[in-house]
There are 4 protein chains.
Amino acid sequence: MKLSILGAGRVGTAIAFAAVLRGTPSELVLVGRDRRKAEGEAMDLEHAAAFVRPMVVRAASIEETAGSDVIVMSAAIPLEGPKRDSVTEANAAVVRDLATRLGELSPSGVIIVVSNPVDALTLVALRASGLPAAQVLGTGTLLDTGRLRAHLSEASGVHSNDIRAYVLGEHGDSQFAALGVASYGGVRFDANDPVVRRSIDRARSGGYDVAGRKGSTWYGIAAATAMIIHAIDEDTREVLPVSTYLDNYQGVSGVCLGVPCVIGRGGVRRVLPIELDDTERRQLHASAEIVREQSRRAGV
Amino acid sequence: MKLSILGAGRVGTAIAFAAVLRGTPSELVLVGRDRRKAEGEAMDLEHAAAFVRPMVVRAASIEETAGSDVIVMSAAIPLEGPKRDSVTEANAAVVRDLATRLGELSPSGVIIVVSNPVDALTLVALRASGLPAAQVLGTGTLLDTGRLRAHLSEASGVHSNDIRAYVLGEHGDSQFAALGVASYGGVRFDANDPVVRRSIDRARSGGYDVAGRKGSTWYGIAAATAMIIHAIDEDTREVLPVSTYLDNYQGVSGVCLGVPCVIGRGGVRRVLPIELDDTERRQLHASAEIVREQSRRAGV
Amino acid sequence: MKLSILGAGRVGTAIAFAAVLRGTPSELVLVGRDRRKAEGEAMDLEHAAAFVRPMVVRAASIEETAGSDVIVMSAAIPLEGPKRDSVTEANAAVVRDLATRLGELSPSGVIIVVSNPVDALTLVALRASGLPAAQVLGTGTLLDTGRLRAHLSEASGVHSNDIRAYVLGEHGDSQFAALGVASYGGVRFDANDPVVRRSIDRARSGGYDVAGRKGSTWYGIAAATAMIIHAIDEDTREVLPVSTYLDNYQGVSGVCLGVPCVIGRGGVRRVLPIELDDTERRQLHASAEIVREQSRRAGV
Amino acid sequence: MKLSILGAGRVGTAIAFAAVLRGTPSELVLVGRDRRKAEGEAMDLEHAAAFVRPMVVRAASIEETAGSDVIVMSAAIPLEGPKRDSVTEANAAVVRDLATRLGELSPSGVIIVVSNPVDALTLVALRASGLPAAQVLGTGTLLDTGRLRAHLSEASGVHSNDIRAYVLGEHGDSQFAALGVASYGGVRFDANDPVVRRSIDRARSGGYDVAGRKGSTWYGIAAATAMIIHAIDEDTREVLPVSTYLDNYQGVSGVCLGVPCVIGRGGVRRVLPIELDDTERRQLHASAEIVREQSRRAGV
């Protein structure tokens, strides 16, 4: 399995490290602006792979990503300050250029957009690559969902995998937890429970909380992205809330948003019609409007 | 981690094999009526362990199970015919004798009852061992739940881990699927959907379907039991529908039944109050009465 | 990954179970003489798979193995008595018929022969299938090697993976341990050490020791075979002593024997020229003659 | 399993990330000079853990490491320039202070020293902690060994796990490959083979090669350290070339050096007497003298 990662900064290399430790790729191509630094990262990762399985790891130009099974797009202008969309236009330009080439180089590959604002940039990558919607997805609200599950897991003493609650919508301030259909071991969550409320708030602010302390975040997003890569590679059909193009999904069309998707070979195999109550549906539409505006700024 | 398995027949050795392949135990003790055959099984399993990790595997008397972390009780009079409770009294005698010794030999161990009728025999083992309720559990409806999830997974194209539906009650004909709170990826199941109905029926009849074709079943139950052993060993806090002693659980007391439990170090860490609708609650109570009658026949 | 297993007896289904627990196949086809029993086995295995990953498991005719990535040939006349070659002719006929069909049905698949006498039958399968030598291999001395490593691991207190000693030659009485180049953690084995001698003897007699106690063996060989399947599927390039066709290997030609092979995509990627001392070389040639005679009886 | 990591920089957090992804610890304590930054790292890692298993991750003071099973010491004055021993005295002071406390706080824990110069600092930690020699080890030449295996694996097309060659001695310029007893699949390496020579040189210069390109190294050492942690936690008895205190080892005493050790519960369970030829023995002694001088500068 050939995995290519565009962006050899902290996020991109942490994703590469997580994928290496899982033993997912047999070939790993790292594309960075600073070729010499990317070579250093590739060597460091190759040394890590020595403890896992045979793997070809190298720094290369985007041309050498040709024929990739999965391409992670983590290249971005570094974020300054707390707002994920402050560099929308700049990142959109980066993503557009790269995605255009990727569509030609890996016509049957799956592109995973990690760069922020992830929902708008997923649409940029979809348009620029010319690939089918199933093959272009963003990490969306998967990390937010992981954070929510971690907090509820801690509160309930139950494995996070059994906490069946999704954060949906924008990977940003307008995200929301779909609690109407959420449960753990057959027990529903009470949206008025202060522990639940606080867990949702902590999930929403998680990125800021980390960034405010260490500058930015990379380990959480790396684990989330490695999970998507693995699901595609092994065709696991897991349900993951990733950013996907919506076409009349609960009345929303024309944007990419985080909703529950079945991930497997080929990317998004199905978009699941999660049951939302009226409040949640309003939140989905509100989130869609915010992302629509971001997408406009991103030129799509 | 010391794992002891009482019963070196097909079920017991298949459980041992599954645990060996997961690398769970560092010490595995196999106790069988036919010591020489049990030695052959232990040698065969030791050869399998060579491909996994260092492990001491041996056939021994029950005395040598002392200090076990987990003890699996799969010893039983072989089932003849289709009814799980046809040999209740005979198996109860076997389990009572063994459990009495186990309580003395491994006072901090967890007993997993696999022998059928599993719910009644779990209560027998609980009473005879004198151990706390958390430390004595039965495989209950975990296998039935696995079967239901496999069928719904096949029908929906979604990973079985994302099919959040529990089969509860008796591991037998009176079992039922708690669909009121079930979902996959945020989508509820329609109890009137023919596919759903058929999946529930197939889960209920699964044991008979297999036994009718190959004589009895062992691989499915082995995978299920290995999962419980792993959850205890690694303290994973997974929610598994195992048979546990109920004390005013939705109005049911004094029997062991399959309900969602948090499994971790020490066995059952919590019994979760799954939300049931009126029909399901009646089914739980009906199942409890059937198991209560079995338990009576089993002498508890 | 499509895995087909010919033979739904204890060995074949134990191999299937081990592969299922590793999550290797996405499609598993079980071919047995007794179709109804094979269906029962497939259902039991499907229930086990529910705890692992989405997997299609079914009993089918040999025609439905078409397009397999790996085919395990464990179909055989049950062994009676202690000699592995007592049913050579009968098993050769079974393997010849099946392999002829397999060569047509899965031209790019890898056939793993498990039936005994495995070395002679591997040559039968190679000739009958018409596939390249790399694509037809036997489990050879992998299980014997595992047994030797387990015994030396127990004696030395070192992980069996670090015990670098191969049993080579016939999977039978003429097998031998290549100790000249063997070591663990940089320490050589002393061929005159009574512990080493006894470990080699126990590896040679392991099959008889198990069979004498439980009738025949299946768990050890199942773990070994699952390891080969995994190495092919994941292209791990592991060195495993499997039975492969020799063409002027240390002077031996025209037979299949257990020697160290690099296993990966496509089967045997390389046969490694292990360094043998004079005694070991004589043992290899003696083993070759015995297998040559078996092969003659097998009609190849 | 409680894991504590002293040092919340790139190396320390990459080790934490690798351990989290393996699911090794149930409790992870991160101790950093900058408490707020350490909190950010702990939060980021907690979010990653949400995709693996329930885990308590927190930033804390060294006091809260009490009762750890394993403590990783990666705290260090950042290296400037190419020489690993340039900051020996400064790092020795850091390690001495921390190890003194660790010996009191976790008397049955295992300390893994990662900070450089690792061999001298392992001796510092051993002396300061007052713990038995088995419980204080350094990452030694494990990473160098991994690098060598990766290069030889690439050259031979064989899994790195089958490349049985150890780099021994100082984790520094005087390290050497013990080729006399090395092999892969029973084939010896030719010390005069240009590919082998170049692989050894690349292993020796690997750290500089990476540092020269990306500033310093962290992914390779993180994977190596996570492997040691796992071996201790699961008592795997793997042979790993770690830095351990030598007492008349091939004539070397009174220093810590990288030699093959059996790693399991309690740390170093055995130091293996690897067979060295005359040249290699001289190299071991030369390496010992260099480390002895470093140790002197480090005050031990």
# chains A, B, ... in the order shown; residues from 1 in each chain; ligands from 1
call {"tool": "closest_atom_pairs", "arguments": {"of": "chain D", "to": "chain B", "cutoff": "8 Å", "atoms": "only C-alpha atoms", "output": "Markdown table"}}
result
| residue | atom | partner | partner_atom | distance |
| --- | --- | --- | --- | --- |
| D:Arg53 | CA | B:Thr236 | CA | 6.7 |
| D:Pro54 | CA | B:Thr236 | CA | 6.6 |
| D:Thr236 | CA | B:Pro54 | CA | 6.6 |
| D:Arg237 | CA | B:Pro54 | CA | 7.6 |
call {"tool": "select_by_dssp", "arguments": {"residues": "segment 59-137 of chain A", "states": "strand (DSSP E)", "output": "PyMOL selection string"}}
result
chain A and resi 59+70-73+110-113+136-137
call {"tool": "write_last_selection", "arguments": {"atoms": "all heavy atoms", "output": "PDB file, in the first residue's frame"}}
result
ATOM      1  N   ALA A  59      11.710  10.855   0.996  1.00  0.00           N
ATOM      2  CA  ALA A  59      11.250  12.194   0.664  1.00  0.00           C
ATOM      3  C   ALA A  59      11.294  12.315  -0.849  1.00  0.00           C
ATOM      4  O   ALA A  59      12.208  11.787  -1.489  1.00  0.00           O
ATOM      5  CB  ALA A  59      12.159  13.235   1.310  1.00  0.00           C
ATOM      6  N   VAL A  70      -3.446   6.136  -0.923  1.00  0.00           N
ATOM      7  CA  VAL A  70      -3.980   7.200  -0.072  1.00  0.00           C
ATOM      8  C   VAL A  70      -2.990   8.364  -0.077  1.00  0.00           C
ATOM      9  O   VAL A  70      -1.777   8.153  -0.005  1.00  0.00           O
ATOM     10  CB  VAL A  70      -4.186   6.716   1.381  1.00  0.00           C
ATOM     11  CG1 VAL A  70      -4.666   7.862   2.277  1.00  0.00           C
ATOM     12  CG2 VAL A  70      -5.175   5.555   1.441  1.00  0.00           C
ATOM     13  N   ILE A  71      -3.520   9.571  -0.169  1.00  0.00           N
ATOM     14  CA  ILE A  71      -2.689  10.774  -0.077  1.00  0.00           C
ATOM     15  C   ILE A  71      -3.253  11.656   1.026  1.00  0.00           C
ATOM     16  O   ILE A  71      -4.438  11.989   1.021  1.00  0.00           O
ATOM     17  CB  ILE A  71      -2.713  11.594  -1.391  1.00  0.00           C
ATOM     18  CG1 ILE A  71      -2.358  10.699  -2.572  1.00  0.00           C
ATOM     19  CG2 ILE A  71      -1.741  12.774  -1.282  1.00  0.00           C
ATOM     20  CD1 ILE A  71      -3.550  10.307  -3.424  1.00  0.00           C
ATOM     21  N   VAL A  72      -2.410  12.004   1.986  1.00  0.00           N
ATOM     22  CA  VAL A  72      -2.814  12.887   3.069  1.00  0.00           C
ATOM     23  C   VAL A  72      -2.347  14.292   2.740  1.00  0.00           C
ATOM     24  O   VAL A  72      -1.176  14.504   2.409  1.00  0.00           O
ATOM     25  CB  VAL A  72      -2.192  12.430   4.403  1.00  0.00           C
ATOM     26  CG1 VAL A  72      -2.449  13.466   5.497  1.00  0.00           C
ATOM     27  CG2 VAL A  72      -2.755  11.075   4.809  1.00  0.00           C
ATOM     28  N   MET A  73      -3.253  15.241   2.815  1.00  0.00           N
ATOM     29  CA  MET A  73      -2.892  16.613   2.523  1.00  0.00           C
ATOM     30  C   MET A  73      -2.835  17.416   3.809  1.00  0.00           C
ATOM     31  O   MET A  73      -3.856  17.895   4.301  1.00  0.00           O
ATOM     32  CB  MET A  73      -3.899  17.209   1.548  1.00  0.00           C
ATOM     33  CG  MET A  73      -3.288  18.374   0.798  1.00  0.00           C
ATOM     34  SD  MET A  73      -4.442  19.048  -0.376  1.00  0.00           S
ATOM     35  CE  MET A  73      -4.443  17.798  -1.627  1.00  0.00           C
ATOM     36  N   VAL A 110      -7.257   7.851  -2.728  1.00  0.00           N
ATOM     37  CA  VAL A 110      -8.169   8.592  -1.856  1.00  0.00           C
ATOM     38  C   VAL A 110      -7.383   9.733  -1.208  1.00  0.00           C
ATOM     39  O   VAL A 110      -6.316   9.516  -0.648  1.00  0.00           O
ATOM     40  CB  VAL A 110      -8.740   7.688  -0.749  1.00  0.00           C
ATOM     41  CG1 VAL A 110      -9.633   8.487   0.197  1.00  0.00           C
ATOM     42  CG2 VAL A 110      -9.512   6.523  -1.360  1.00  0.00           C
ATOM     43  N   ILE A 111      -7.913  10.934  -1.327  1.00  0.00           N
ATOM     44  CA  ILE A 111      -7.280  12.107  -0.717  1.00  0.00           C
ATOM     45  C   ILE A 111      -7.926  12.371   0.638  1.00  0.00           C
ATOM     46  O   ILE A 111      -9.149  12.464   0.737  1.00  0.00           O
ATOM     47  CB  ILE A 111      -7.435  13.355  -1.611  1.00  0.00           C
ATOM     48  CG1 ILE A 111      -6.741  13.124  -2.969  1.00  0.00           C
ATOM     49  CG2 ILE A 111      -6.875  14.585  -0.913  1.00  0.00           C
ATOM     50  CD1 ILE A 111      -6.916  14.291  -3.938  1.00  0.00           C
ATOM     51  N   ILE A 112      -7.116  12.479   1.670  1.00  0.00           N
ATOM     52  CA  ILE A 112      -7.602  12.860   2.994  1.00  0.00           C
ATOM     53  C   ILE A 112      -7.059  14.257   3.307  1.00  0.00           C
ATOM     54  O   ILE A 112      -5.852  14.446   3.438  1.00  0.00           O
ATOM     55  CB  ILE A 112      -7.117  11.882   4.083  1.00  0.00           C
ATOM     56  CG1 ILE A 112      -7.521  10.444   3.752  1.00  0.00           C
ATOM     57  CG2 ILE A 112      -7.656  12.297   5.456  1.00  0.00           C
ATOM     58  CD1 ILE A 112      -6.951   9.411   4.726  1.00  0.00           C
ATOM     59  N   VAL A 113      -7.976  15.225   3.411  1.00  0.00           N
ATOM     60  CA  VAL A 113      -7.565  16.591   3.706  1.00  0.00           C
ATOM     61  C   VAL A 113      -7.513  16.795   5.217  1.00  0.00           C
ATOM     62  O   VAL A 113      -8.483  16.478   5.918  1.00  0.00           O
ATOM     63  CB  VAL A 113      -8.532  17.612   3.063  1.00  0.00           C
ATOM     64  CG1 VAL A 113      -8.119  19.037   3.415  1.00  0.00           C
ATOM     65  CG2 VAL A 113      -8.567  17.418   1.545  1.00  0.00           C
ATOM     66  N   VAL A 136     -12.501  11.876  -1.999  1.00  0.00           N
ATOM     67  CA  VAL A 136     -11.934  13.080  -1.376  1.00  0.00           C
ATOM     68  C   VAL A 136     -12.684  13.352  -0.076  1.00  0.00           C
ATOM     69  O   VAL A 136     -13.871  13.681  -0.093  1.00  0.00           O
ATOM     70  CB  VAL A 136     -12.024  14.300  -2.310  1.00  0.00           C
ATOM     71  CG1 VAL A 136     -11.391  15.509  -1.656  1.00  0.00           C
ATOM     72  CG2 VAL A 136     -11.366  14.001  -3.658  1.00  0.00           C
ATOM     73  N   LEU A 137     -12.002  13.209   1.031  1.00  0.00           N
ATOM     74  CA  LEU A 137     -12.663  13.433   2.314  1.00  0.00           C
ATOM     75  C   LEU A 137     -11.740  14.213   3.234  1.00  0.00           C
ATOM     76  O   LEU A 137     -10.522  14.266   3.003  1.00  0.00           O
ATOM     77  CB  LEU A 137     -13.064  12.089   2.935  1.00  0.00           C
ATOM     78  CG  LEU A 137     -11.943  11.063   3.163  1.00  0.00           C
ATOM     79  CD1 LEU A 137     -11.484  11.121   4.616  1.00  0.00           C
ATOM     80  CD2 LEU A 137     -12.458   9.654   2.844  1.00  0.00           C
TER      81      LEU A 137
END
call {"tool": "residues_around", "arguments": {"residues": "Ala18 of chain B", "least_positions_apart": "2", "cutoff": "8 Å", "atoms": "only C-alpha atoms", "output": "compact mmCIF listing (two decimals) with all heavy atoms, in the first residue's frame"}}
result
# COMPACT_ATOMS: atom_id res chain seq x y z
N ALA B 14 -10.56 -24.77 22.06
CA ALA B 14 -10.69 -23.68 21.08
C ALA B 14 -10.57 -22.33 21.78
O ALA B 14 -9.97 -21.39 21.25
CB ALA B 14 -12.03 -23.77 20.34
N ILE B 15 -11.10 -22.22 22.99
CA ILE B 15 -10.92 -20.99 23.79
C ILE B 15 -9.44 -20.80 24.09
O ILE B 15 -8.89 -19.70 23.95
CB ILE B 15 -11.73 -21.07 25.10
CG1 ILE B 15 -13.23 -21.05 24.81
CG2 ILE B 15 -11.35 -19.94 26.05
CD1 ILE B 15 -14.11 -21.38 26.01
N ALA B 16 -8.78 -21.88 24.49
CA ALA B 16 -7.35 -21.79 24.79
C ALA B 16 -6.58 -21.33 23.56
O ALA B 16 -5.70 -20.46 23.64
CB ALA B 16 -6.83 -23.14 25.26
N VAL B 20 -4.33 -18.07 23.20
CA VAL B 20 -2.91 -18.20 22.85
C VAL B 20 -2.58 -17.30 21.66
O VAL B 20 -1.57 -16.58 21.67
CB VAL B 20 -2.58 -19.67 22.52
CG1 VAL B 20 -1.27 -19.79 21.74
CG2 VAL B 20 -2.50 -20.50 23.81
N LEU B 21 -3.43 -17.34 20.63
CA LEU B 21 -3.14 -16.54 19.43
C LEU B 21 -3.17 -15.05 19.74
O LEU B 21 -2.47 -14.27 19.10
CB LEU B 21 -4.15 -16.87 18.32
CG LEU B 21 -4.04 -18.26 17.71
CD1 LEU B 21 -5.10 -18.46 16.64
CD2 LEU B 21 -2.65 -18.51 17.11
N ARG B 22 -3.98 -14.62 20.70
CA ARG B 22 -3.98 -13.21 21.11
C ARG B 22 -2.79 -12.90 21.99
O ARG B 22 -2.54 -11.74 22.33
CB ARG B 22 -5.25 -12.89 21.91
CG ARG B 22 -6.49 -12.70 21.06
CD ARG B 22 -7.61 -12.07 21.87
NE ARG B 22 -7.58 -10.63 21.74
CZ ARG B 22 -8.67 -9.86 21.63
NH1 ARG B 22 -9.86 -10.41 21.62
NH2 ARG B 22 -8.57 -8.56 21.53
N ALA B 222 -15.61 -19.60 21.27
CA ALA B 222 -14.20 -19.42 21.65
C ALA B 222 -13.76 -17.98 21.41
O ALA B 222 -13.07 -17.37 22.24
CB ALA B 222 -13.32 -20.39 20.86
N ALA B 223 -14.15 -17.42 20.27
CA ALA B 223 -13.78 -16.03 19.98
C ALA B 223 -14.43 -15.09 21.00
O ALA B 223 -13.80 -14.13 21.47
CB ALA B 223 -14.19 -15.65 18.56
N ALA B 226 -12.62 -15.47 24.41
CA ALA B 226 -11.28 -14.86 24.36
C ALA B 226 -11.37 -13.34 24.48
O ALA B 226 -10.49 -12.69 25.05
CB ALA B 226 -10.57 -15.25 23.07
N ALA C 18 -7.69 -19.59 12.94
CA ALA C 18 -6.52 -18.76 13.22
C ALA C 18 -6.44 -17.57 12.27
O ALA C 18 -6.12 -16.45 12.68
CB ALA C 18 -5.25 -19.61 13.12
N LEU C 21 -9.13 -15.02 13.28
CA LEU C 21 -8.78 -14.25 14.48
C LEU C 21 -7.72 -13.19 14.17
O LEU C 21 -7.67 -12.15 14.82
CB LEU C 21 -8.27 -15.19 15.58
CG LEU C 21 -9.33 -16.10 16.21
CD1 LEU C 21 -8.70 -16.98 17.28
CD2 LEU C 21 -10.48 -15.32 16.81
call {"tool": "select_by_dssp", "arguments": {"residues": "segment 11-121 of chain A", "states": "alpha helix (DSSP H)", "output": "ChimeraX atom specification"}}
result
/A:11-22,35-49,88-105,118-121
call {"tool": "residues_around", "arguments": {"residues": "Leu276 of chain B", "least_positions_apart": "2", "cutoff": "7 Å", "atoms": "only C-alpha atoms", "output": "mmCIF file with N, CA and C atoms, in the first residue's frame"}}
result
data_model
loop_
_atom_site.group_PDB
_atom_site.id
_atom_site.type_symbol
_atom_site.label_atom_id
_atom_site.label_comp_id
_atom_site.auth_asym_id
_atom_site.auth_seq_id
_atom_site.Cartn_x
_atom_site.Cartn_y
_atom_site.Cartn_z
ATOM 1 N N ALA B 178 -32.557 -5.895 22.103
ATOM 2 C CA ALA B 178 -32.997 -4.600 22.628
ATOM 3 C C ALA B 178 -32.812 -3.563 21.531
ATOM 4 N N GLY B 180 -34.743 -0.849 20.901
ATOM 5 C CA GLY B 180 -35.204 0.511 21.168
ATOM 6 C C GLY B 180 -34.067 1.514 21.186
ATOM 7 N N ILE B 274 -29.536 -0.467 30.758
ATOM 8 C CA ILE B 274 -29.963 -0.244 29.374
ATOM 9 C C ILE B 274 -31.437 0.164 29.332
ATOM 10 N N ASP B 278 -41.446 -1.127 26.703
ATOM 11 C CA ASP B 278 -42.315 -2.007 27.492
ATOM 12 C C ASP B 278 -42.236 -3.461 27.038
ATOM 13 N N GLU B 280 -39.789 -4.942 25.497
ATOM 14 C CA GLU B 280 -38.483 -5.507 25.847
ATOM 15 C C GLU B 280 -38.403 -5.833 27.341
ATOM 16 N N ARG B 281 -38.997 -4.954 28.145
ATOM 17 C CA ARG B 281 -38.975 -5.196 29.580
ATOM 18 C C ARG B 281 -39.753 -6.486 29.912
#
